[in-house]
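Asker: Contents of run-v5.cif (mmCIF, C-alpha atoms) are below:
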```
data_run
#
loop_
_atom_site.label_atom_id
_atom_site.label_comp_id
_atom_site.auth_asym_id
_atom_site.auth_seq_id
_atom_site.Cartn_x
_atom_site.Cartn_y
_atom_site.Cartn_z
CA MET C 28 22.19 21.71 -1.23
CA GLY C 29 25.93 22.10 -1.24
CA ASP C 30 28.68 20.10 -2.95
CA SER C 31 28.99 16.49 -1.83
CA THR C 32 31.03 13.39 -2.72
CA VAL C 33 30.17 10.07 -4.30
CA THR C 34 31.97 6.77 -3.81
CA THR C 35 33.13 4.82 -6.85
CA LEU C 36 35.25 1.75 -7.32
CA GLU C 37 38.29 3.99 -7.58
CA GLY C 38 37.53 5.97 -4.41
CA ARG C 39 35.81 9.16 -3.39
CA GLU C 40 35.14 11.78 -6.05
CA PRO C 41 33.41 15.16 -5.80
CA ALA C 42 29.82 15.10 -6.97
CA ALA C 43 28.58 17.47 -9.63
CA ALA C 44 27.27 20.81 -8.45
CA SER C 45 23.59 20.78 -7.57
CA PRO C 46 21.46 22.18 -10.39
CA VAL C 47 18.96 23.34 -7.76
CA GLY C 48 21.60 25.60 -6.15
CA GLU C 49 22.65 26.99 -9.51
CA ALA C 50 19.04 27.69 -10.48
CA ALA C 51 18.41 29.42 -7.14
CA ALA C 52 21.49 31.64 -7.59
CA THR C 53 20.44 32.50 -11.13
CA GLY C 54 16.95 33.32 -9.89
CA ARG C 55 18.27 35.64 -7.18
CA LEU C 56 20.47 37.46 -9.69
CA ARG C 57 17.56 37.81 -12.09
CA ARG C 58 15.39 39.26 -9.34
CA LEU C 59 18.09 41.75 -8.39
CA ARG C 60 18.30 42.93 -12.00
CA ALA C 61 14.56 42.99 -12.60
CA PRO C 62 12.98 46.46 -12.75
CA ARG C 63 10.89 47.20 -9.67
CA ARG C 64 9.04 50.20 -8.35
CA PRO C 65 11.38 52.32 -6.18
CA ARG C 66 10.38 53.17 -2.63
CA LEU C 67 10.03 56.90 -2.08
CA TRP C 68 11.41 57.05 1.47
CA PHE C 69 14.42 54.96 0.49
CA GLU C 70 15.18 57.11 -2.56
CA ILE C 71 14.99 60.36 -0.60
CA LEU C 72 17.29 58.95 2.06
CA LEU C 73 19.69 57.50 -0.51
CA ILE C 74 19.99 60.74 -2.48
CA ALA C 75 20.46 62.82 0.67
CA VAL C 76 23.14 60.51 2.09
CA SER C 77 24.87 60.15 -1.29
CA TYR C 78 25.08 63.88 -1.91
CA ALA C 79 26.28 64.54 1.64
CA THR C 80 28.97 61.87 1.17
CA TYR C 81 29.93 63.33 -2.21
CA SER C 82 30.29 66.83 -0.75
CA LEU C 83 32.22 65.55 2.26
CA VAL C 84 34.67 63.51 0.20
CA ARG C 85 35.09 66.21 -2.46
CA ASN C 86 35.83 68.87 0.11
CA ALA C 87 38.05 66.57 2.17
CA VAL C 88 40.44 66.02 -0.73
CA PRO C 89 43.65 67.89 0.16
CA GLU C 90 43.76 71.29 -1.48
CA GLN C 91 47.16 70.85 -3.07
CA ARG C 92 47.43 74.40 -4.35
CA ALA C 93 50.89 74.19 -5.90
CA GLU C 94 50.11 70.97 -7.76
CA ALA C 95 46.68 72.24 -8.80
CA LEU C 96 48.20 75.39 -10.30
CA ARG C 97 50.86 73.35 -12.10
CA ASN C 98 48.16 71.14 -13.56
CA ALA C 99 46.21 74.21 -14.66
CA ASP C 100 49.29 75.52 -16.48
CA LEU C 101 49.68 72.08 -18.07
CA ILE C 102 46.08 72.06 -19.31
CA TRP C 103 46.41 75.63 -20.60
CA ARG C 104 49.59 74.81 -22.54
CA LEU C 105 48.00 71.66 -23.98
CA GLU C 106 44.98 73.59 -25.18
CA GLY C 107 47.31 76.21 -26.66
CA GLN C 108 49.16 73.51 -28.60
CA LEU C 109 45.82 72.18 -29.84
CA GLY C 110 44.75 75.70 -30.84
CA THR C 111 41.68 75.51 -28.58
CA ALA C 112 42.61 77.84 -25.70
CA PHE C 113 39.49 79.97 -26.15
CA GLU C 114 38.35 80.16 -22.52
CA GLU C 115 39.80 83.58 -21.82
CA THR C 116 38.19 85.13 -24.91
CA VAL C 117 34.78 83.69 -24.00
CA ASN C 118 35.19 84.82 -20.40
CA HIS C 119 35.93 88.44 -21.33
CA THR C 120 33.24 88.59 -24.02
CA VAL C 121 30.47 87.39 -21.71
CA ASN C 122 31.71 89.53 -18.82
CA SER C 123 31.19 92.64 -20.93
CA VAL C 124 27.41 92.00 -20.95
CA THR C 125 26.33 92.41 -17.34
CA TRP C 126 22.84 90.87 -17.52
CA LEU C 127 24.21 87.87 -19.39
CA VAL C 128 27.09 87.10 -17.06
CA VAL C 129 24.91 87.60 -13.96
CA GLY C 130 22.38 85.17 -15.40
CA MET C 131 25.15 82.66 -16.06
CA ASN C 132 26.40 83.00 -12.49
CA TYR C 133 22.98 82.05 -11.14
CA TYR C 134 22.66 79.30 -13.75
CA TYR C 135 25.97 77.82 -12.59
CA ALA C 136 25.00 78.01 -8.92
CA THR C 137 21.47 76.58 -9.09
CA LEU C 138 20.47 74.54 -12.15
CA HIS C 139 23.21 72.00 -11.50
CA PHE C 140 21.13 70.73 -8.57
CA VAL C 141 17.58 71.73 -9.53
CA VAL C 142 17.51 70.10 -12.97
CA THR C 143 19.23 66.90 -11.82
CA LEU C 144 16.76 66.44 -8.96
CA GLY C 145 13.89 67.31 -11.28
CA VAL C 146 14.88 64.60 -13.76
CA LEU C 147 15.19 62.07 -10.93
CA VAL C 148 11.65 62.91 -9.73
CA TRP C 149 10.32 62.68 -13.29
CA LEU C 150 11.96 59.26 -13.72
CA TYR C 151 10.51 58.08 -10.42
CA ARG C 152 6.99 59.07 -11.42
CA ARG C 153 6.91 58.30 -15.15
CA HIS C 154 9.54 55.57 -15.65
CA PRO C 155 9.79 53.57 -12.40
CA GLY C 156 11.13 50.50 -14.19
CA ARG C 157 14.05 52.49 -15.58
CA TYR C 158 14.68 54.59 -12.50
CA ALA C 159 17.16 52.34 -10.67
CA ALA C 160 19.33 51.73 -13.75
CA THR C 161 19.42 55.40 -14.71
CA ARG C 162 20.14 56.42 -11.12
CA LEU C 163 23.00 53.89 -11.06
CA VAL C 164 24.57 55.71 -14.04
CA LEU C 165 24.49 58.98 -12.10
CA PHE C 166 25.94 57.49 -8.93
CA VAL C 167 28.79 55.65 -10.70
CA THR C 168 29.61 58.81 -12.68
CA THR C 169 29.86 60.81 -9.46
CA GLY C 170 31.98 58.14 -7.78
CA PHE C 171 34.54 58.18 -10.57
CA ALA C 172 34.60 61.97 -10.43
CA LEU C 173 35.71 61.78 -6.79
CA VAL C 174 38.65 59.64 -7.91
CA GLY C 175 39.54 62.33 -10.45
CA PHE C 176 39.42 65.06 -7.82
CA TYR C 177 41.87 63.12 -5.69
CA LEU C 178 44.31 62.02 -8.40
CA PHE C 179 44.40 65.22 -10.45
CA PRO C 180 43.85 68.39 -8.39
CA LEU C 181 43.22 71.23 -10.80
CA ALA C 182 42.78 74.96 -10.29
CA PRO C 183 39.98 76.58 -12.31
CA PRO C 184 41.03 79.23 -14.86
CA ARG C 185 39.90 82.11 -12.57
CA LEU C 186 42.56 81.10 -10.00
CA MET C 187 45.48 80.77 -12.41
CA ASN C 188 48.58 82.88 -11.96
CA GLY C 189 49.73 85.14 -14.78
CA GLN C 190 46.45 85.00 -16.71
CA ASP C 191 43.72 87.58 -17.12
CA PHE C 192 40.60 85.53 -16.33
CA VAL C 193 37.72 87.31 -14.59
CA ASP C 194 36.11 85.71 -11.54
CA THR C 195 32.59 86.75 -12.51
CA VAL C 196 31.01 85.94 -9.13
CA VAL C 197 33.48 88.23 -7.31
CA VAL C 198 33.30 91.04 -9.86
CA HIS C 199 29.50 91.11 -10.08
CA GLN C 200 28.89 90.09 -6.46
CA THR C 201 26.31 87.46 -7.29
CA TRP C 202 25.12 84.83 -4.87
CA GLY C 203 25.37 81.09 -4.86
CA SER C 204 28.69 79.76 -6.12
CA MET C 205 30.59 77.80 -3.49
CA ALA C 206 33.68 78.17 -5.64
CA SER C 207 33.96 81.93 -5.25
CA GLY C 208 33.11 84.78 -2.94
CA ASP C 209 32.11 84.28 0.69
CA LEU C 210 31.50 80.52 0.36
CA LYS C 211 34.85 79.56 -1.12
CA ASN C 212 36.30 78.59 2.26
CA VAL C 213 33.84 75.70 2.67
CA SER C 214 34.47 74.17 -0.75
CA ASN C 215 37.52 72.60 -2.36
CA GLN C 216 38.80 75.18 -4.81
CA TYR C 217 40.97 72.71 -6.71
CA ALA C 218 38.49 70.04 -7.81
CA ALA C 219 37.83 71.21 -11.35
CA MET C 220 38.67 67.95 -13.15
CA PRO C 221 36.34 66.36 -14.11
CA SER C 222 33.44 68.79 -14.41
CA MET C 223 30.34 67.35 -12.78
CA HIS C 224 28.34 70.26 -14.15
CA ILE C 225 28.93 68.58 -17.51
CA GLY C 226 28.63 65.00 -16.24
CA TRP C 227 25.28 65.64 -14.56
CA SER C 228 23.86 67.92 -17.26
CA LEU C 229 24.72 65.42 -19.99
CA TRP C 230 23.10 62.68 -17.92
CA CYS C 231 19.96 64.83 -17.74
CA GLY C 232 20.09 65.59 -21.44
CA ILE C 233 20.52 61.97 -22.54
CA THR C 234 17.75 60.82 -20.21
CA LEU C 235 15.29 63.42 -21.49
CA PHE C 236 16.17 62.85 -25.13
CA ALA C 237 15.84 59.07 -24.79
CA LEU C 238 12.64 58.93 -22.74
CA ALA C 239 10.64 62.14 -23.23
CA THR C 240 7.71 61.87 -25.61
CA VAL C 241 7.12 65.55 -26.39
CA PRO C 242 9.50 67.18 -28.90
CA TRP C 243 10.22 70.32 -26.85
CA ALA C 244 11.43 68.26 -23.90
CA ARG C 245 13.80 66.31 -26.14
CA VAL C 246 15.12 69.55 -27.62
CA LEU C 247 15.73 70.94 -24.13
CA GLY C 248 17.55 67.72 -23.31
CA LEU C 249 19.95 68.35 -26.18
CA LEU C 250 20.43 72.05 -25.39
CA TYR C 251 20.97 71.76 -21.64
CA PRO C 252 24.52 70.26 -21.65
CA VAL C 253 25.55 72.56 -24.51
CA VAL C 254 24.46 75.69 -22.63
CA THR C 255 26.11 74.33 -19.47
CA LEU C 256 29.41 73.99 -21.32
CA VAL C 257 29.22 77.64 -22.38
CA VAL C 258 28.41 78.69 -18.81
CA ILE C 259 31.26 76.83 -17.10
CA VAL C 260 33.76 78.27 -19.58
CA ALA C 261 32.33 81.82 -19.59
CA THR C 262 32.39 82.05 -15.78
CA ALA C 263 36.02 80.80 -15.72
CA ASN C 264 35.13 77.85 -13.51
CA HIS C 265 36.39 75.17 -15.92
CA PHE C 266 38.55 74.48 -18.93
CA TRP C 267 36.78 72.77 -21.78
CA LEU C 268 38.98 69.72 -21.15
CA ASP C 269 37.31 69.43 -17.73
CA ALA C 270 34.11 68.81 -19.66
CA VAL C 271 35.81 65.95 -21.50
CA GLY C 272 36.64 64.43 -18.12
CA GLY C 273 32.96 64.66 -17.13
CA VAL C 274 31.93 62.91 -20.35
CA LEU C 275 34.39 60.09 -19.70
CA CYS C 276 33.05 59.58 -16.18
CA LEU C 277 29.52 59.44 -17.58
CA ALA C 278 30.62 56.83 -20.14
CA VAL C 279 31.91 54.67 -17.29
CA GLY C 280 28.57 55.07 -15.52
CA TYR C 281 26.62 53.89 -18.56
CA GLY C 282 29.06 51.02 -19.04
CA VAL C 283 28.54 49.77 -15.48
CA ALA C 284 24.74 50.05 -15.76
CA HIS C 285 24.75 48.21 -19.09
CA ALA C 286 26.95 45.44 -17.66
CA TRP C 287 24.64 44.97 -14.67
CA TYR C 288 21.25 45.16 -16.40
CA GLY C 289 22.32 43.66 -19.74
CA ARG C 290 21.06 46.62 -21.78
CA ARG C 291 20.99 50.38 -21.69
CA PRO C 292 18.64 51.93 -19.09
CA SER C 293 16.28 53.42 -21.68
CA ALA C 294 15.68 49.94 -23.16
CA LEU C 295 14.34 48.56 -19.87
CA PRO C 296 10.56 48.34 -19.32
CA ALA C 297 9.06 51.68 -18.35
CA THR C 298 6.98 50.14 -15.58
CA SER C 299 8.10 47.75 -12.87
CA ARG C 300 6.91 44.17 -12.62
CA THR C 301 5.92 42.29 -9.50
CA THR C 302 7.87 39.08 -9.16
CA ALA C 303 5.72 36.07 -8.39
CA ARG C 304 6.68 33.33 -5.94
CA ASP C 305 7.73 31.00 -8.72
CA GLY C 306 10.26 33.48 -10.09
CA GLY C 307 8.08 34.48 -13.02
CA SER C 308 6.35 37.75 -13.64
CA ARG C 309 2.74 38.46 -12.84
CA PRO C 310 0.86 39.25 -16.04
CA PRO C 311 -0.69 42.65 -16.60
CA ARG C 312 -4.11 43.38 -15.21
CA SER C 313 -5.70 42.88 -18.62
CA ALA C 314 -4.71 39.21 -18.46
CA PHE C 315 -6.88 38.51 -15.43
CA PRO C 316 -10.36 37.08 -16.08
CA CYS C 317 -12.95 39.73 -16.74
CA ARG C 318 -16.57 39.80 -15.61
CA SER C 319 -18.18 40.79 -18.87
CA GLY C 320 -19.51 37.31 -19.69
CA SER C 321 -17.97 37.31 -23.13
CA ASP C 322 -16.59 34.00 -24.38
CA THR C 323 -14.19 35.47 -26.92
CA GLY C 324 -10.45 35.19 -26.48
CA ALA C 325 -8.44 33.48 -23.79
CA VAL C 326 -7.54 34.64 -20.33
CA ALA C 327 -4.65 33.76 -18.03
CA LEU C 328 -5.19 31.96 -14.75
CA ARG C 329 -2.63 30.76 -12.28
CA THR C 330 -3.15 27.07 -11.66
CA ALA C 331 -2.17 25.22 -8.53
CA LYS C 332 0.54 23.33 -10.38
CA GLY C 333 2.58 25.97 -12.09
CA PRO C 334 2.85 29.27 -13.96
CA TRP C 335 0.23 31.33 -15.67
CA GLU C 336 -1.51 29.34 -18.40
CA PRO C 337 -4.05 30.43 -21.00
CA VAL C 338 -7.51 28.87 -20.54
CA ARG C 339 -10.74 29.29 -22.41
CA PRO C 340 -13.62 31.24 -20.86
CA LEU C 341 -16.44 29.24 -19.32
CA GLY C 342 -18.91 30.02 -22.07
CA ARG C 343 -21.29 32.61 -23.39
CA GLY C 344 -23.56 34.15 -20.86
CA ARG C 345 -21.71 32.72 -17.85
CA ARG C 346 -19.56 34.65 -15.43
CA GLU C 347 -15.87 34.05 -15.93
CA GLY C 348 -13.82 33.57 -12.82
CA TYR C 349 -11.27 31.50 -11.08
CA SER C 350 -12.24 27.98 -10.04
CA PRO C 351 -10.28 26.82 -7.00
CA PRO C 352 -8.27 23.65 -7.59
#
```
Take the structure from the file and write it as structure tokens.
Answerer:
Amino acid sequence: MGDSTVTTLEGREPAAASPVGEAAATGRLRRLRAPRRPRLWFEILLIAVSYATYSLVRNAVPEQRAEALRNADLIWRLEGQLGTAFEETVNHTVNSVTWLVVGMNYYYATLHFVVTLGVLVWLYRRHPGRYAATRLVLFVTTGFALVGFYLFPLAPPRLMNGQDFVDTVVVHQTWGSMASGDLKNVSNQYAAMPSMHIGWSLWCGITLFALATVPWARVLGLLYPVVTLVVIVATANHFWLDAVGGVLCLAVGYGVAHAWYGRRPSALPATSRTTARDGGSRPPRSAFPCRSGSDTGAVALRTAKGPWEPVRPLGRGRREGYSPP
């Protein structure tokens, strides 16, 4: 029912909004926010399309080399003024240990994708009710990162002029980084701010720490973003301030998810609920009448008139079941 008018002695006046329409709109919004089991085919398609779009947009941002190098000099001077320009020292120290720097090169090239996808699969299987909200955090974080790539092109430390950073992938000829070596021509070299290695790894770490039940998994959740920070600095792919940008993007992601769902993703029910026709929630399986014949306790039955209501069992020694109205 839409808005209408009523006629009074003074003339025509708009009628009050229909409470039925308002209730229907509220119900639709509640259903959109309600946790539900994700569909596997849809999630695979969504992740594939989203990552392809992310890569396309990131690499389509104009490679403004002169501006990116000026911004790198600006970041380097700012860190020097803060007394935190330690990236070059870390880069040279790690580069002196071949096995360590080679391991970090492969870490940088692979775990960024493997761990993130692994956490998504784990969420899908173990926490379906929290999956959509937590995935929303990741997607919003990535979207804001694309804005950062466009507005603030930034050269990584290894590409700076007049500095002595070591491009560890080139020097040690390791495989995998699209930011160096043979693959650099298919990736935007000047999209270092914000660092999505940090944004995604911190998302993984927070998710594991908040939802994992075994202590070692929670510890790994805490260590993963810390180790990632060391890796991105040691391989001269990022300034530490790029990591701050990644954290800020992640904060925006959590803010959007909290605003939409009304609470943080980890506080949502772990399992999804099936929405009934009347807008309520179907009770758990334990609430359905059993067949044990016991007359203790009450069970829930859906009556013809309304929602689930508690009723007494039929009596000792008799089968409990649903009597049609």
Asker: CA of Val271 in chain C to CA of Leu96 in chain C: how many Å, to one decimal?
Answerer: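 Calculated distance between CA of Val271 in chain C and CA of Leu96 in chain C is 19.2 Å.
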Asker: What does the distance from CA of His119 in chain C to CA of Arg185 in chain C come to in Å, to one decimal?
Answerer: 11.5 Å
Asker: Between CA of Ser228 in chain C and CA of Leu186 in chain C, what is the spacing in Å?
Answerer: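 Result for CA of Leu186 in chain C versus CA of Ser228 in chain C: 24.0 Å, one decimal.
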Asker: Decode the PyMOL selection byres ((chain C and resi 99-101) around 10) for the given file into explicit residues and return them as a ChimeraX atom specification.
Answerer: /C:93-98,102-107,180-184,186-190,217,219-220,265-266
Asker: Expand the PyMOL selection byres ((chain C and resi 286-297) around 7) into the explicit residue set it covers here, and present it as a compact mmCIF listing (two decimals) with C-alpha atoms, in the coordinates of the input.
Answerer:
```txt
# COMPACT_ATOMS: atom_id res chain seq x y z
CA ARG C 60 18.30 42.93 -12.00
CA HIS C 154 9.54 55.57 -15.65
CA PRO C 155 9.79 53.57 -12.40
CA GLY C 156 11.13 50.50 -14.19
CA ARG C 157 14.05 52.49 -15.58
CA ALA C 160 19.33 51.73 -13.75
CA THR C 161 19.42 55.40 -14.71
CA ALA C 237 15.84 59.07 -24.79
CA LEU C 238 12.64 58.93 -22.74
CA GLY C 282 29.06 51.02 -19.04
CA VAL C 283 28.54 49.77 -15.48
CA ALA C 284 24.74 50.05 -15.76
CA HIS C 285 24.75 48.21 -19.09
CA THR C 298 6.98 50.14 -15.58
CA SER C 299 8.10 47.75 -12.87
```
Asker: Could you spell out the hits of the PyMOL selection byres ((chain C and resi 234) around 10) on the shown file, as a list in words?
Answerer: Val146, Leu147, Leu150, Thr161, Ser228, Leu229, Trp230, Cys231, Gly232, Ile233, Leu235, Phe236, Ala237, Leu238, Ala239, Arg245, Gly248, Leu249, Pro292 and Ser293 of chain C
Asker: Which residues come within 8 Å of range 76-83 of chain C, counting all atoms listed in the file, excluding same-chain residues fewer than 5 positions away, as a PyMOL selection string?
Answerer: chain C and resi 169-170+173
Asker: Considering all atoms listed in the file, can you say which of C:Thr255, C:Val260, C:Trp243, C:His224 comes closest to Phe140 in chain C?
Answerer: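 Closest to Phe140 in chain C of all the choices is C:His224.
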Asker: Between C:Ala112, C:Leu165, C:Pro252, C:Phe179, which has the minimum distance to Ile225 in chain C (counting only C-alpha atoms)?
Answerer: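 Looking at the shortest contact to Ile225 in chain C, the residue is C:Pro252.
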